[in-house]
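Taking it in order: structure first as structure tokens, then the write-up.
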Amino acid sequence: LKSARQKRGPMAWQGQGQPPPQVIGGEHGSTPGRTEADFQREVAAAAARAGANQAGTTARQSLGEIKEYVMDNPISLKVACFCTGMILVVFSILGVVNVFAGLKPKEYLTNIYNIFFGLIICICDGKTEWMKNCFNIQERLFSEVAFLASQSGRAIFYFYVGTMTLLVLPDGWVWAAFYVAIGSVLCLLALIMLFLHWCGEACGCKDRYVPAT
């Protein structure tokens, strides 16, 4: 009798109107649970990939817009700004290490600020190939400090640094003359940049301003 029931299998239970018994933890009972968990993981992974792709696309578009917005100074003006920035860095470092006697505490602090300001000027008007080799620092600076990407923003910044440098007046008249010269040159360069940007077209030199590539 037992052998006959085994041969009939699940059909015998269906004939009696009862479903076949389920084995808890067996293959058929655990498969749906594993499938649902896998599906949830796949959905979460797909959402994460979509978010990362969207963030990357947005970042690339933002950098592209900033790069298109960046305007290059004329070559001679870029060289003058870069060299003035380097000179400012050198003199500010000399002032911090107390080469110039008679500096007051606020003048020491101004020299420390001017070291960083001079480096920023060099980055803004340095050669693009050099900046790319230095961890692409120029493009990173423009993306983080967007107003430096425009001619007007850079000119206002240069003018501010120039006026700060004019206020650093050591006791020795020779060194004071150097600081006055550096500050005056920065202010003059800033005014030239503003003039070329806003009035250059009327003077026939507006076409010298081209988008950076």
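Here's how to read the names in the structure tokens: chain A, B, ... by the order shown, residue numbers from 1 in each chain, ligand numbers from 1 in the order shown.
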- prompt: Can you list, as a PyMOL selection string, every protein, DNA or RNA residue that comes within 9 Å of region 101-115 of chain A when you count only C-alpha atoms, leaving out same-chain residues fewer than 5 positions away?
  reply: chain A and resi 85+88-96+120+161+164-165+167-172
### Task
Mind listing the alpha helix (DSSP H) residues of region 144-189 of chain A, per DSSP on the backbone, as a ChimeraX atom specification?
/A:144,151-166,173-189
Margin query: Please list as number ranges by chain every residue within 6 Å of region 187-191 of chain A, counting only C-alpha atoms and excluding residues in the same chain fewer than 2 positions away.
Written below: A: 155, 158-159, 162, 184-185, 193-194
_For a quick check of understanding, using only C-alpha atoms, which of A:Tyr179, A:Ile192, A:Ala48, A:Phe117 has the smallest distance to Tyr160 (chain A)?_
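When distances to Tyr160 (chain A) are compared using only C-alpha atoms, the smallest one comes from A:Phe117.
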Next on the checklist: Can you tell me which residues surround region 76-81 of chain A at a distance of at most 7 Å, considering only C-alpha atoms, apart from same-chain residues fewer than 3 positions away, and format the answer as a list of chain:residue names?
Outcome noted: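 So the residues in contact are A:Asn73, A:Thr84, A:Gly85, A:Ile121, A:Asp125.
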Go ahead and dump the residues you just picked, N, CA, C and O atoms, as a PDB file, in the first residue's frame.
```pdb
ATOM      1  N   ASN A  73      43.367  87.258 -21.183  1.00  0.00           N
ATOM      2  CA  ASN A  73      43.952  88.571 -21.408  1.00  0.00           C
ATOM      3  C   ASN A  73      44.823  88.531 -22.653  1.00  0.00           C
ATOM      4  O   ASN A  73      45.273  87.461 -23.080  1.00  0.00           O
ATOM      5  N   THR A  84      54.168  90.314 -12.308  1.00  0.00           N
ATOM      6  CA  THR A  84      53.861  91.118 -11.126  1.00  0.00           C
ATOM      7  C   THR A  84      53.437  90.228  -9.959  1.00  0.00           C
ATOM      8  O   THR A  84      53.812  90.474  -8.805  1.00  0.00           O
ATOM      9  N   GLY A  85      52.673  89.190 -10.252  1.00  0.00           N
ATOM     10  CA  GLY A  85      52.288  88.251  -9.204  1.00  0.00           C
ATOM     11  C   GLY A  85      53.487  87.549  -8.597  1.00  0.00           C
ATOM     12  O   GLY A  85      53.579  87.380  -7.364  1.00  0.00           O
ATOM     13  N   ILE A 121      47.212  85.203  -8.576  1.00  0.00           N
ATOM     14  CA  ILE A 121      47.418  85.990  -9.799  1.00  0.00           C
ATOM     15  C   ILE A 121      48.227  85.180 -10.810  1.00  0.00           C
ATOM     16  O   ILE A 121      47.911  85.165 -12.011  1.00  0.00           O
ATOM     17  N   ASP A 125      46.778  84.020 -14.622  1.00  0.00           N
ATOM     18  CA  ASP A 125      47.370  84.484 -15.876  1.00  0.00           C
ATOM     19  C   ASP A 125      48.588  83.675 -16.280  1.00  0.00           C
ATOM     20  O   ASP A 125      49.342  84.097 -17.158  1.00  0.00           O
TER      21      ASP A 125
END
```
Using only C-alpha atoms, the residue out of A:Glu42, A:Ile123, A:Gln151, A:Phe195 with shortest distance to Glu139 (chain A) is A:Ile123
Check: What does the distance between CA of Gly126 (chain A) and CA of Ile75 (chain A) come to in Å, to one decimal place?
Finding: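 One can read the CA of Gly126 (chain A) to CA of Ile75 (chain A) distance as 10.3 Å.
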Margin query: I'd like the contact shell of Glu129 (chain A) - 10 Å cut-off, only C-alpha atoms, skipping same-chain residues fewer than 5 positions apart - returned as a ChimeraX atom specification.
Written below: /A:134,136,138
